[in-house]
>>> print(open('entry_33.tsv').read())   # TSV, C-alpha atoms
chain	number	residue	atom	x	y	z
A	1	MET	CA	-43.00	-126.70	111.52
A	2	GLY	CA	-44.99	-124.21	109.52
A	3	PHE	CA	-43.25	-120.97	108.64
A	4	PRO	CA	-44.68	-117.51	109.19
A	5	ALA	CA	-46.22	-115.99	106.08
A	6	ARG	CA	-43.97	-114.95	103.19
A	7	TYR	CA	-41.23	-117.55	103.83
A	8	ALA	CA	-40.28	-120.35	101.43
A	9	VAL	CA	-37.63	-123.09	101.50
A	10	ARG	CA	-35.44	-124.59	98.77
A	11	PRO	CA	-31.92	-126.01	98.34
A	12	HIS	CA	-29.26	-123.57	97.28
A	13	VAL	CA	-28.01	-123.18	93.72
A	14	PRO	CA	-24.55	-121.85	92.76
A	15	ASP	CA	-25.91	-118.37	92.06
A	16	ASP	CA	-26.99	-118.10	95.72
A	17	ALA	CA	-23.38	-117.68	96.90
A	18	PRO	CA	-23.51	-113.84	97.04
A	19	ALA	CA	-26.77	-113.99	99.01
A	20	VAL	CA	-25.24	-116.45	101.50
A	21	LEU	CA	-22.22	-114.15	101.81
A	22	ALA	CA	-24.48	-111.18	102.63
A	23	LEU	CA	-26.38	-113.26	105.18
A	24	VAL	CA	-23.28	-114.53	106.96
A	25	GLU	CA	-21.71	-111.06	106.95
A	26	ALA	CA	-24.82	-109.61	108.62
A	27	ALA	CA	-24.85	-112.40	111.22
A	28	GLU	CA	-21.13	-112.15	111.99
A	29	LYS	CA	-21.33	-108.37	112.31
A	30	VAL	CA	-23.84	-108.85	115.15
A	31	ASP	CA	-22.35	-112.02	116.70
A	32	VAL	CA	-18.63	-111.27	116.35
A	33	GLY	CA	-18.36	-107.57	115.60
A	34	GLU	CA	-16.98	-107.89	112.10
A	35	PRO	CA	-17.44	-110.31	109.20
A	36	ALA	CA	-14.63	-112.68	108.24
A	37	ILE	CA	-15.80	-114.41	105.08
A	38	GLU	CA	-15.31	-114.08	101.32
A	39	VAL	CA	-17.58	-115.29	98.56
A	40	GLU	CA	-14.69	-117.52	97.43
A	41	ASP	CA	-14.96	-119.36	100.77
A	42	ILE	CA	-18.54	-120.32	99.91
A	43	GLN	CA	-17.80	-121.14	96.28
A	44	GLY	CA	-14.83	-123.30	97.24
A	45	ALA	CA	-16.81	-125.17	99.89
A	46	TRP	CA	-19.67	-125.82	97.49
A	47	ALA	CA	-17.25	-127.06	94.83
A	48	ARG	CA	-16.00	-129.97	96.97
A	49	PRO	CA	-16.67	-133.24	95.13
A	50	SER	CA	-17.90	-134.78	98.39
A	51	PHE	CA	-20.60	-132.12	98.77
A	52	ASP	CA	-23.98	-132.19	97.04
A	53	LEU	CA	-25.49	-128.71	96.91
A	54	ALA	CA	-28.93	-130.02	96.00
A	55	THR	CA	-29.31	-132.25	99.08
A	56	GLU	CA	-26.82	-130.89	101.65
A	57	SER	CA	-27.77	-127.22	101.58
A	58	ILE	CA	-30.94	-125.30	102.33
A	59	GLY	CA	-32.09	-121.70	102.18
A	60	ILE	CA	-35.10	-120.00	103.75
A	61	PHE	CA	-36.19	-117.06	101.63
A	62	HIS	CA	-38.44	-114.17	102.60
A	63	THR	CA	-40.66	-112.45	100.03
A	64	GLU	CA	-40.55	-108.70	100.55
A	65	LYS	CA	-43.49	-106.36	99.97
A	66	ASP	CA	-42.16	-105.43	96.54
A	67	GLY	CA	-42.03	-109.11	95.54
A	68	THR	CA	-38.28	-109.56	95.75
A	69	GLN	CA	-36.81	-112.43	97.76
A	70	THR	CA	-34.09	-112.10	100.40
A	71	LEU	CA	-32.22	-114.92	102.10
A	72	ALA	CA	-33.34	-115.09	105.74
A	73	ALA	CA	-31.51	-118.25	106.83
A	74	SER	CA	-29.13	-120.82	105.38
A	75	ALA	CA	-27.42	-124.09	106.25
A	76	ASP	CA	-24.93	-126.58	104.77
A	77	VAL	CA	-23.85	-129.97	106.09
A	78	PHE	CA	-20.45	-131.34	105.03
A	79	LYS	CA	-19.81	-135.08	105.19
A	80	GLY	CA	-22.70	-135.44	107.62
A	81	ARG	CA	-20.49	-133.97	110.36
A	82	ARG	CA	-19.79	-130.25	110.03
A	83	ALA	CA	-22.63	-127.74	109.70
A	84	GLU	CA	-22.60	-124.09	108.74
A	85	ALA	CA	-25.94	-122.49	109.62
A	86	ALA	CA	-26.98	-118.87	110.12
A	87	VAL	CA	-30.11	-116.80	110.55
A	88	HIS	CA	-30.12	-113.15	109.49
A	89	PRO	CA	-30.43	-110.89	112.57
A	90	ASP	CA	-33.56	-109.29	111.08
A	91	HIS	CA	-35.29	-112.69	110.98
A	92	ARG	CA	-34.33	-114.13	114.36
A	93	GLY	CA	-36.95	-115.04	116.95
A	94	ARG	CA	-39.36	-116.50	114.37
A	95	GLY	CA	-38.48	-120.20	114.70
A	96	LEU	CA	-36.18	-120.32	111.65
A	97	GLY	CA	-33.17	-121.41	113.71
A	98	THR	CA	-35.12	-124.27	115.26
A	99	TRP	CA	-36.25	-125.45	111.84
A	100	LEU	CA	-32.69	-125.20	110.47
A	101	ALA	CA	-31.29	-127.20	113.39
A	102	GLY	CA	-33.81	-129.96	112.78
A	103	TRP	CA	-32.97	-129.98	109.08
A	104	VAL	CA	-29.21	-130.14	109.82
A	105	GLU	CA	-29.66	-133.06	112.20
A	106	ASP	CA	-31.94	-134.94	109.77
A	107	CYS	CA	-29.51	-134.33	106.91
A	108	ALA	CA	-26.55	-135.63	108.94
A	109	ARG	CA	-28.53	-138.60	110.23
A	110	GLY	CA	-29.59	-139.47	106.69
A	111	ARG	CA	-25.93	-139.72	105.70
A	112	GLY	CA	-25.18	-142.17	108.49
A	113	SER	CA	-23.53	-139.69	110.81
A	114	ARG	CA	-23.70	-140.24	114.56
A	115	LEU	CA	-22.51	-136.73	115.43
A	116	VAL	CA	-23.05	-133.29	113.90
A	117	GLY	CA	-21.88	-129.92	115.10
A	118	GLN	CA	-21.09	-126.32	114.34
A	119	THR	CA	-18.53	-123.77	115.49
A	120	ALA	CA	-20.13	-120.66	116.98
A	121	PRO	CA	-18.78	-117.37	118.36
A	122	ALA	CA	-18.30	-117.55	122.12
A	123	ASP	CA	-21.03	-115.95	124.23
A	124	SER	CA	-23.18	-115.25	121.18
A	125	SER	CA	-26.83	-115.85	120.38
A	126	PRO	CA	-25.98	-118.85	118.13
A	127	GLU	CA	-23.89	-120.43	120.90
A	128	ARG	CA	-26.67	-120.02	123.45
A	129	PHE	CA	-29.09	-121.56	120.96
A	130	LEU	CA	-26.90	-124.64	120.47
A	131	ARG	CA	-26.30	-125.05	124.20
A	132	ASP	CA	-30.00	-124.72	125.00
A	133	ARG	CA	-30.76	-127.33	122.32
A	134	GLY	CA	-28.62	-129.80	124.23
A	135	TYR	CA	-25.40	-129.62	122.19
A	136	HIS	CA	-22.15	-130.27	124.08
A	137	GLN	CA	-18.91	-128.33	123.74
A	138	MET	CA	-16.01	-130.14	122.07
A	139	TRP	CA	-13.16	-127.67	121.47
A	140	THR	CA	-12.31	-123.97	121.54
A	141	SER	CA	-10.90	-121.99	118.62
A	142	TRP	CA	-9.19	-118.62	118.62
A	143	VAL	CA	-8.55	-116.02	115.93
A	144	LEU	CA	-5.21	-114.29	116.47
A	145	GLN	CA	-3.92	-111.15	114.85
A	146	VAL	CA	-0.68	-109.30	114.29
A	147	PRO	CA	-1.64	-105.63	114.68
A	148	GLY	CA	-0.78	-103.51	111.67
A	149	ASP	CA	1.93	-101.60	113.55
A	150	ARG	CA	3.65	-104.74	114.86
A	151	THR	CA	6.03	-107.17	113.20
A	152	ILE	CA	7.11	-110.68	114.12
A	153	GLU	CA	10.85	-111.11	114.39
A	154	PRO	CA	12.11	-113.23	111.49
A	155	GLN	CA	13.09	-116.82	112.18
A	156	PRO	CA	16.35	-117.77	110.42
A	157	LEU	CA	16.14	-121.02	108.50
A	158	PRO	CA	18.59	-123.83	109.26
A	159	ASP	CA	21.56	-124.10	106.93
A	160	GLY	CA	20.56	-125.40	103.52
A	161	TYR	CA	16.82	-124.77	103.97
A	162	THR	CA	15.02	-122.31	101.69
A	163	LEU	CA	11.55	-120.92	101.00
A	164	ARG	CA	9.81	-121.02	97.63
A	165	GLU	CA	6.34	-120.53	96.22
A	166	PHE	CA	3.99	-122.99	94.57
A	167	ALA	CA	4.65	-124.25	91.06
A	168	PRO	CA	2.46	-126.50	88.91
A	169	GLY	CA	2.97	-130.08	90.03
A	170	ASP	CA	3.23	-129.18	93.73
A	171	GLU	CA	-0.45	-129.84	94.44
A	172	ARG	CA	-0.12	-133.36	95.81
A	173	THR	CA	2.95	-132.49	97.88
A	174	ALA	CA	1.18	-129.58	99.58
A	175	TYR	CA	-1.91	-131.67	100.19
A	176	GLN	CA	0.02	-134.52	101.79
A	177	LEU	CA	2.01	-132.25	104.09
A	178	ILE	CA	-1.19	-130.60	105.33
A	179	GLU	CA	-3.22	-133.80	105.51
A	180	ASP	CA	-0.56	-135.71	107.46
A	181	ALA	CA	-0.21	-132.89	110.00
A	182	PHE	CA	-3.92	-132.20	110.39
A	183	ASN	CA	-4.74	-135.89	110.80
A	184	GLU	CA	-2.84	-135.80	114.09
A	185	TRP	CA	-5.79	-133.90	115.56
A	186	PRO	CA	-8.47	-135.86	117.44
A	187	ASP	CA	-11.98	-135.95	115.93
A	188	ARG	CA	-10.69	-134.99	112.50
A	189	ASP	CA	-12.07	-136.66	109.38
A	190	PRO	CA	-9.54	-137.11	106.56
A	191	THR	CA	-9.96	-134.83	103.56
A	192	SER	CA	-9.62	-136.11	100.01
A	193	PHE	CA	-7.22	-134.41	97.61
A	194	GLU	CA	-10.15	-133.29	95.48
A	195	ASP	CA	-11.94	-131.63	98.41
A	196	TRP	CA	-8.69	-129.97	99.55
A	197	ALA	CA	-7.90	-128.68	96.08
A	198	SER	CA	-11.32	-127.06	95.66
A	199	ASN	CA	-10.53	-124.71	98.56
A	200	ILE	CA	-6.84	-124.13	97.77
A	201	VAL	CA	-5.36	-124.37	94.29
A	202	LEU	CA	-8.79	-124.37	92.60
A	203	ARG	CA	-10.16	-121.60	94.81
A	204	PRO	CA	-11.36	-118.70	92.62
A	205	GLY	CA	-8.54	-116.16	92.27
A	206	PHE	CA	-5.76	-118.46	93.55
A	207	GLU	CA	-2.23	-117.16	92.85
A	208	PRO	CA	1.08	-119.04	93.36
A	209	TRP	CA	2.33	-116.63	96.05
A	210	GLN	CA	-0.45	-117.80	98.37
A	211	LEU	CA	1.06	-121.29	98.77
A	212	ARG	CA	4.63	-121.30	100.08
A	213	PHE	CA	6.98	-124.16	100.96
A	214	THR	CA	10.02	-124.56	103.15
A	215	VAL	CA	12.46	-126.91	101.42
A	216	ASP	CA	15.23	-129.03	102.96
A	217	PRO	CA	18.81	-129.23	101.59
A	218	THR	CA	17.81	-132.05	99.21
A	219	GLY	CA	15.10	-129.89	97.63
A	220	THR	CA	12.24	-131.76	99.33
A	221	PRO	CA	9.35	-129.63	100.64
A	222	VAL	CA	8.93	-130.28	104.37
A	223	GLY	CA	6.54	-127.48	105.33
A	224	VAL	CA	3.81	-125.43	103.71
A	225	ALA	CA	1.65	-122.37	104.39
A	226	PHE	CA	-1.47	-121.21	102.54
A	227	THR	CA	-2.52	-117.56	102.81
A	228	ILE	CA	-5.83	-115.95	101.82
A	229	LEU	CA	-6.07	-112.23	101.16
A	230	ALA	CA	-9.51	-111.13	102.39
A	231	GLY	CA	-9.85	-107.43	101.79
A	232	THR	CA	-6.97	-105.91	103.74
A	233	THR	CA	-6.42	-108.99	105.91
A	234	ALA	CA	-3.80	-111.63	105.13
A	235	TYR	CA	-5.18	-114.80	106.70
A	236	VAL	CA	-2.94	-117.86	107.10
A	237	ASP	CA	-5.50	-120.57	106.46
A	238	GLN	CA	-3.25	-123.64	106.64
A	239	LEU	CA	0.22	-124.19	108.09
A	240	ALA	CA	1.98	-127.53	108.43
A	241	VAL	CA	5.47	-128.90	108.96
A	242	ARG	CA	6.42	-132.56	108.57
A	243	ARG	CA	6.64	-134.25	111.99
A	244	ASP	CA	10.33	-135.18	111.75
A	245	GLU	CA	11.28	-131.61	110.79
A	246	ARG	CA	9.62	-129.85	113.73
A	247	GLY	CA	11.62	-127.96	116.36
A	248	ARG	CA	13.83	-126.24	113.78
A	249	GLY	CA	11.84	-122.98	113.55
A	250	LEU	CA	10.35	-123.87	110.17
A	251	ALA	CA	6.76	-123.12	111.17
A	252	ARG	CA	7.70	-119.69	112.47
A	253	ALA	CA	9.74	-118.98	109.33
A	254	LEU	CA	6.75	-119.94	107.17
A	255	LEU	CA	4.45	-117.81	109.31
A	256	VAL	CA	6.62	-114.69	109.06
A	257	ASP	CA	7.04	-115.27	105.34
A	258	ALA	CA	3.27	-115.63	104.86
A	259	PHE	CA	2.60	-112.39	106.72
A	260	GLU	CA	5.24	-110.55	104.71
A	261	ARG	CA	3.83	-111.87	101.43
A	262	GLY	CA	0.34	-110.90	102.52
A	263	ARG	CA	1.42	-107.37	103.33
A	264	ALA	CA	3.22	-107.10	100.00
A	265	HIS	CA	-0.10	-107.87	98.31
A	266	GLY	CA	-2.14	-105.36	100.32
A	267	GLY	CA	-2.78	-107.10	103.63
A	268	ALA	CA	-2.57	-104.44	106.35
A	269	VAL	CA	-3.45	-106.94	109.09
A	270	SER	CA	-2.26	-110.55	109.50
A	271	GLU	CA	-4.43	-113.25	111.08
A	272	LEU	CA	-4.72	-116.98	111.65
A	273	SER	CA	-6.81	-119.32	113.77
A	274	THR	CA	-5.91	-122.26	115.97
A	275	ASP	CA	-7.81	-124.41	118.42
A	276	SER	CA	-7.39	-126.31	121.65
A	277	ARG	CA	-6.68	-129.59	119.82
A	278	THR	CA	-3.36	-128.27	118.49
A	279	GLY	CA	-1.77	-126.82	121.61
A	280	ALA	CA	-0.32	-124.00	119.49
A	281	LEU	CA	-2.00	-120.99	121.12
A	282	GLY	CA	0.97	-120.21	123.36
A	283	LEU	CA	3.37	-120.35	120.43
A	284	TYR	CA	1.45	-117.73	118.48
A	285	GLU	CA	1.08	-115.48	121.52
A	286	ARG	CA	4.81	-115.68	122.17
A	287	VAL	CA	5.60	-114.38	118.68
A	288	GLY	CA	3.45	-111.29	119.25
A	289	MET	CA	-0.01	-112.31	118.10
A	290	VAL	CA	-3.07	-111.38	120.17
A	291	VAL	CA	-6.42	-113.15	120.45
A	292	THR	CA	-9.22	-111.14	118.85
A	293	GLN	CA	-12.02	-113.72	118.72
A	294	THR	CA	-12.99	-116.92	120.54
A	295	TRP	CA	-15.20	-119.60	118.98
A	296	ARG	CA	-16.38	-122.95	120.35
A	297	HIS	CA	-17.43	-126.10	118.56
A	298	TRP	CA	-20.73	-127.56	119.74
A	299	ALA	CA	-22.06	-130.98	118.69
A	300	THR	CA	-24.95	-133.32	119.33
A	301	ASN	CA	-25.22	-137.09	119.17
A	302	LEU	CA	-27.71	-138.32	116.59
>>> encode(input="entry_33.tsv", output="structure tokens")
Amino acid sequence: MGFPARYAVRPHVPDDAPAVLALVEAAEKVDVGEPAIEVEDIQGAWARPSFDLATESIGIFHTEKDGTQTLAASADVFKGRRAEAAVHPDHRGRGLGTWLAGWVEDCARGRGSRLVGQTAPADSSPERFLRDRGYHQMWTSWVLQVPGDRTIEPQPLPDGYTLREFAPGDERTAYQLIEDAFNEWPDRDPTSFEDWASNIVLRPGFEPWQLRFTVDPTGTPVGVAFTILAGTTAYVDQLAVRRDERGRGLARALLVDAFERGRAHGGAVSELSTDSRTGALGLYERVGMVVTQTWRHWATNL
């Protein structure tokens, strides 16, 4: 399609990350009520070895009257399967979303994918767009929060089990614990160590306190939690316990520990997300967390 006047298209370059952040923040403020993204999220995603910024990203730029360019819309496609696309609220209703959707589908198809999708806020303009385009719903995700004035009761560890933070050399252990647990989900593509590391231990600003292990009496790590501090929110991004060690309260102990560590580093609010593939929503609600956002994943066959 032809764009309205003053729009131009090109792939992203690394220096575009702040502009993408501003775009997504503006979109999420309208669609969700508050933004939940950091520039490090974008930089880490773009740094994945499996991702090619030059061919798997696109930006639509608008030339303002003073000659400056602003980012009006943006999209990425990861592994031909997962898309992240957004149109700035000020530029909606001009056909940019339709063009982006076509680009996303062509990009995924060109990489041999038979299915591509995106997670969108429930009952939002982006969700209605995907549904009207013929996408089908696959799973539901929830963001849960521990209000600032509420605490989760500590979970005692079994005898001989301890908690400790990341130390150099723990990278592969953390990766395997998370990868083994997450691969139990349906419709989940395995993640390479290199892709995982770009968003965790190689994430800009990473500090050892963010990655915590629960360790069995032999000194072997059997569970892990990764926490991101986003402004004043401590967000538990990944949490996993080895299958044969579940049912001992280790996940809850890691969760409480992560929230406490986050608060110690300035996190006034504690959050995490889960989805319908895990069956963990009830667990988090029972420990005092409340749902603050609902998202749904929509996909289309190519």
>>> residues_around(input="entry_33.tsv", residues="Glu84 of chain A", least_positions_apart="3", cutoff="7 Å", atoms="all atoms listed in the file", output="number ranges by chain")
A: 75-77, 118
>>> residues_around(input="entry_33.tsv", residues="segment 260-276 of chain A", least_positions_apart="3", cutoff="7 Å", atoms="all atoms listed in the file", output="mmCIF file with C-alpha atoms, in the frame of the given file")
data_model
loop_
_atom_site.group_PDB
_atom_site.id
_atom_site.type_symbol
_atom_site.label_atom_id
_atom_site.label_comp_id
_atom_site.auth_asym_id
_atom_site.auth_seq_id
_atom_site.Cartn_x
_atom_site.Cartn_y
_atom_site.Cartn_z
ATOM 1 C CA TRP A 139 -13.160 -127.670 121.470
ATOM 2 C CA THR A 140 -12.310 -123.970 121.540
ATOM 3 C CA SER A 141 -10.900 -121.990 118.620
ATOM 4 C CA TRP A 142 -9.190 -118.620 118.620
ATOM 5 C CA VAL A 143 -8.550 -116.020 115.930
ATOM 6 C CA LEU A 144 -5.210 -114.290 116.470
ATOM 7 C CA GLN A 145 -3.920 -111.150 114.850
ATOM 8 C CA VAL A 146 -0.680 -109.300 114.290
ATOM 9 C CA PRO A 147 -1.640 -105.630 114.680
ATOM 10 C CA GLY A 148 -0.780 -103.510 111.670
ATOM 11 C CA LEU A 229 -6.070 -112.230 101.160
ATOM 12 C CA THR A 232 -6.970 -105.910 103.740
ATOM 13 C CA THR A 233 -6.420 -108.990 105.910
ATOM 14 C CA ALA A 234 -3.800 -111.630 105.130
ATOM 15 C CA TYR A 235 -5.180 -114.800 106.700
ATOM 16 C CA VAL A 236 -2.940 -117.860 107.100
ATOM 17 C CA ASP A 237 -5.500 -120.570 106.460
ATOM 18 C CA VAL A 256 6.620 -114.690 109.060
ATOM 19 C CA ASP A 257 7.040 -115.270 105.340
ATOM 20 C CA GLY A 279 -1.770 -126.820 121.610
ATOM 21 C CA ALA A 280 -0.320 -124.000 119.490
ATOM 22 C CA LEU A 281 -2.000 -120.990 121.120
#
>>> residues_around(input="entry_33.tsv", residues="segment 105-113 of chain A", least_positions_apart="6", cutoff="10 Å", atoms="all atoms listed in the file", output="ChimeraX atom specification")
/A:55-57,76-83,300-302
>>> closest_residue(input="entry_33.tsv", among="A:Pro4, A:Gly249, A:Pro186, A:Pro168", to="His62 of chain A", atoms="all atoms listed in the file")
A:Pro4
>>> residues_around(input="entry_33.tsv", residues="Val201 of chain A", least_positions_apart="6", cutoff="9 Å", atoms="all atoms listed in the file", output="CSV table (one decimal) with C-alpha atoms, in the frame of the given file")
chain,number,residue,atom,x,y,z
A,171,GLU,CA,-0.4,-129.8,94.4
A,207,GLU,CA,-2.2,-117.2,92.8
A,208,PRO,CA,1.1,-119.0,93.4
A,211,LEU,CA,1.1,-121.3,98.8
>>> atom_distance(input="entry_33.tsv", atom1="atom CA of Val30 of chain A", atom2="atom CA of Asp15 of chain A")
25.1 Å
>>> closest_residue(input="entry_33.tsv", among="A:Thr151, A:Val224, A:Gln210, A:Leu21", to="Pro35 of chain A", atoms="all atoms listed in the file")
A:Leu21
>>> closest_residue(input="entry_33.tsv", among="A:Pro121, A:Ala19, A:Ala27, A:Arg252", to="Asp90 of chain A", atoms="all atoms listed in the file")
A:Ala27
>>> residues_around(input="entry_33.tsv", residues="Gly97 of chain A", least_positions_apart="6", cutoff="9 Å", atoms="all atoms listed in the file", output="ChimeraX atom specification")
/A:73,85-87,126,129
>>> closest_residue(input="entry_33.tsv", among="A:Pro221, A:Gly117, A:Gly95, A:Pro49", to="Leu130 of chain A", atoms="all atoms listed in the file")
A:Gly117
>>> atom_distance(input="entry_33.tsv", atom1="atom CA of Leu239 of chain A", atom2="atom CA of Glu179 of chain A")
10.5 Å
>>> atom_distance(input="entry_33.tsv", atom1="atom CA of Ala240 of chain A", atom2="atom CA of Gln176 of chain A")
9.8 Å
>>> closest_residue(input="entry_33.tsv", among="A:Leu202, A:Ile42, A:Ile152, A:Val215", to="Glu165 of chain A", atoms="only C-alpha atoms")
A:Val215
>>> closest_residue(input="entry_33.tsv", among="A:Trp298, A:Arg92, A:Glu153, A:Phe193", to="Arg131 of chain A", atoms="only C-alpha atoms")
A:Trp298
>>> axis_aligned_box(input="entry_33.tsv", around="segment 253-265 of chain A", padding_each_side="5 Å", output="AutoDock Vina command-line options")
--center_x 4.8 --center_y -113.5 --center_z 103.8 --size_x 19.8 --size_y 22.8 --size_z 21.0
>>> build_atoms(input="entry_33.tsv", residues="segment 33-41 of chain A", atoms="all heavy atoms", output="PDB file, in the coordinates of the input")
ATOM      1  N   GLY A  33     -18.789-108.949 115.671  1.00  0.00           N
ATOM      2  CA  GLY A  33     -18.360-107.570 115.600  1.00  0.00           C
ATOM      3  C   GLY A  33     -17.872-107.166 114.229  1.00  0.00           C
ATOM      4  O   GLY A  33     -17.915-105.998 113.856  1.00  0.00           O
ATOM      5  N   GLU A  34     -17.422-108.149 113.456  1.00  0.00           N
ATOM      6  CA  GLU A  34     -16.980-107.890 112.100  1.00  0.00           C
ATOM      7  C   GLU A  34     -17.038-109.183 111.303  1.00  0.00           C
ATOM      8  O   GLU A  34     -16.805-110.256 111.840  1.00  0.00           O
ATOM      9  CB  GLU A  34     -15.554-107.332 112.064  1.00  0.00           C
ATOM     10  CG  GLU A  34     -14.518-108.270 112.667  1.00  0.00           C
ATOM     11  CD  GLU A  34     -13.114-107.701 112.628  1.00  0.00           C
ATOM     12  OE1 GLU A  34     -12.931-106.625 112.031  1.00  0.00           O
ATOM     13  OE2 GLU A  34     -12.199-108.351 113.161  1.00  0.00           O
ATOM     14  N   PRO A  35     -17.384-109.095 110.019  1.00  0.00           N
ATOM     15  CA  PRO A  35     -17.440-110.310 109.200  1.00  0.00           C
ATOM     16  C   PRO A  35     -16.040-110.785 108.831  1.00  0.00           C
ATOM     17  O   PRO A  35     -15.105-109.990 108.738  1.00  0.00           O
ATOM     18  CB  PRO A  35     -18.220-109.867 107.958  1.00  0.00           C
ATOM     19  CG  PRO A  35     -17.993-108.398 107.876  1.00  0.00           C
ATOM     20  CD  PRO A  35     -17.851-107.909 109.295  1.00  0.00           C
ATOM     21  N   ALA A  36     -15.916-112.097 108.625  1.00  0.00           N
ATOM     22  CA  ALA A  36     -14.630-112.680 108.240  1.00  0.00           C
ATOM     23  C   ALA A  36     -14.871-113.777 107.221  1.00  0.00           C
ATOM     24  O   ALA A  36     -14.539-114.934 107.439  1.00  0.00           O
ATOM     25  CB  ALA A  36     -13.901-113.215 109.461  1.00  0.00           C
ATOM     26  N   ILE A  37     -15.471-113.416 106.097  1.00  0.00           N
ATOM     27  CA  ILE A  37     -15.800-114.410 105.080  1.00  0.00           C
ATOM     28  C   ILE A  37     -15.734-113.748 103.712  1.00  0.00           C
ATOM     29  O   ILE A  37     -15.988-112.544 103.565  1.00  0.00           O
ATOM     30  CB  ILE A  37     -17.211-115.006 105.327  1.00  0.00           C
ATOM     31  CG1 ILE A  37     -17.491-116.154 104.347  1.00  0.00           C
ATOM     32  CG2 ILE A  37     -18.285-113.929 105.288  1.00  0.00           C
ATOM     33  CD1 ILE A  37     -18.756-116.926 104.671  1.00  0.00           C
ATOM     34  N   GLU A  38     -15.354-114.521 102.710  1.00  0.00           N
ATOM     35  CA  GLU A  38     -15.310-114.080 101.320  1.00  0.00           C
ATOM     36  C   GLU A  38     -16.218-114.975 100.505  1.00  0.00           C
ATOM     37  O   GLU A  38     -16.438-116.144 100.860  1.00  0.00           O
ATOM     38  CB  GLU A  38     -13.880-114.191 100.780  1.00  0.00           C
ATOM     39  CG  GLU A  38     -12.861-113.323 101.501  1.00  0.00           C
ATOM     40  CD  GLU A  38     -12.844-111.902 100.977  1.00  0.00           C
ATOM     41  OE1 GLU A  38     -12.429-111.709  99.829  1.00  0.00           O
ATOM     42  OE2 GLU A  38     -13.266-111.006 101.732  1.00  0.00           O
ATOM     43  N   VAL A  39     -16.717-114.465  99.393  1.00  0.00           N
ATOM     44  CA  VAL A  39     -17.580-115.290  98.560  1.00  0.00           C
ATOM     45  C   VAL A  39     -16.830-116.502  98.038  1.00  0.00           C
ATOM     46  O   VAL A  39     -17.407-117.573  97.828  1.00  0.00           O
ATOM     47  CB  VAL A  39     -18.183-114.460  97.397  1.00  0.00           C
ATOM     48  CG1 VAL A  39     -17.116-114.121  96.341  1.00  0.00           C
ATOM     49  CG2 VAL A  39     -19.363-115.192  96.758  1.00  0.00           C
ATOM     50  N   GLU A  40     -15.501-116.380  97.882  1.00  0.00           N
ATOM     51  CA  GLU A  40     -14.690-117.520  97.430  1.00  0.00           C
ATOM     52  C   GLU A  40     -14.700-118.649  98.450  1.00  0.00           C
ATOM     53  O   GLU A  40     -14.546-119.819  98.084  1.00  0.00           O
ATOM     54  CB  GLU A  40     -13.254-117.069  97.153  1.00  0.00           C
ATOM     55  CG  GLU A  40     -13.099-116.152  95.955  1.00  0.00           C
ATOM     56  CD  GLU A  40     -13.353-114.692  96.278  1.00  0.00           C
ATOM     57  OE1 GLU A  40     -13.655-114.385  97.463  1.00  0.00           O
ATOM     58  OE2 GLU A  40     -13.243-113.856  95.363  1.00  0.00           O
ATOM     59  N   ASP A  41     -14.866-118.313  99.745  1.00  0.00           N
ATOM     60  CA  ASP A  41     -14.960-119.360 100.770  1.00  0.00           C
ATOM     61  C   ASP A  41     -16.187-120.233 100.502  1.00  0.00           C
ATOM     62  O   ASP A  41     -16.136-121.466 100.612  1.00  0.00           O
ATOM     63  CB  ASP A  41     -15.092-118.738 102.164  1.00  0.00           C
ATOM     64  CG  ASP A  41     -13.863-117.941 102.561  1.00  0.00           C
ATOM     65  OD1 ASP A  41     -12.747-118.337 102.183  1.00  0.00           O
ATOM     66  OD2 ASP A  41     -14.026-116.919 103.252  1.00  0.00           O
TER      67      ASP A  41
END
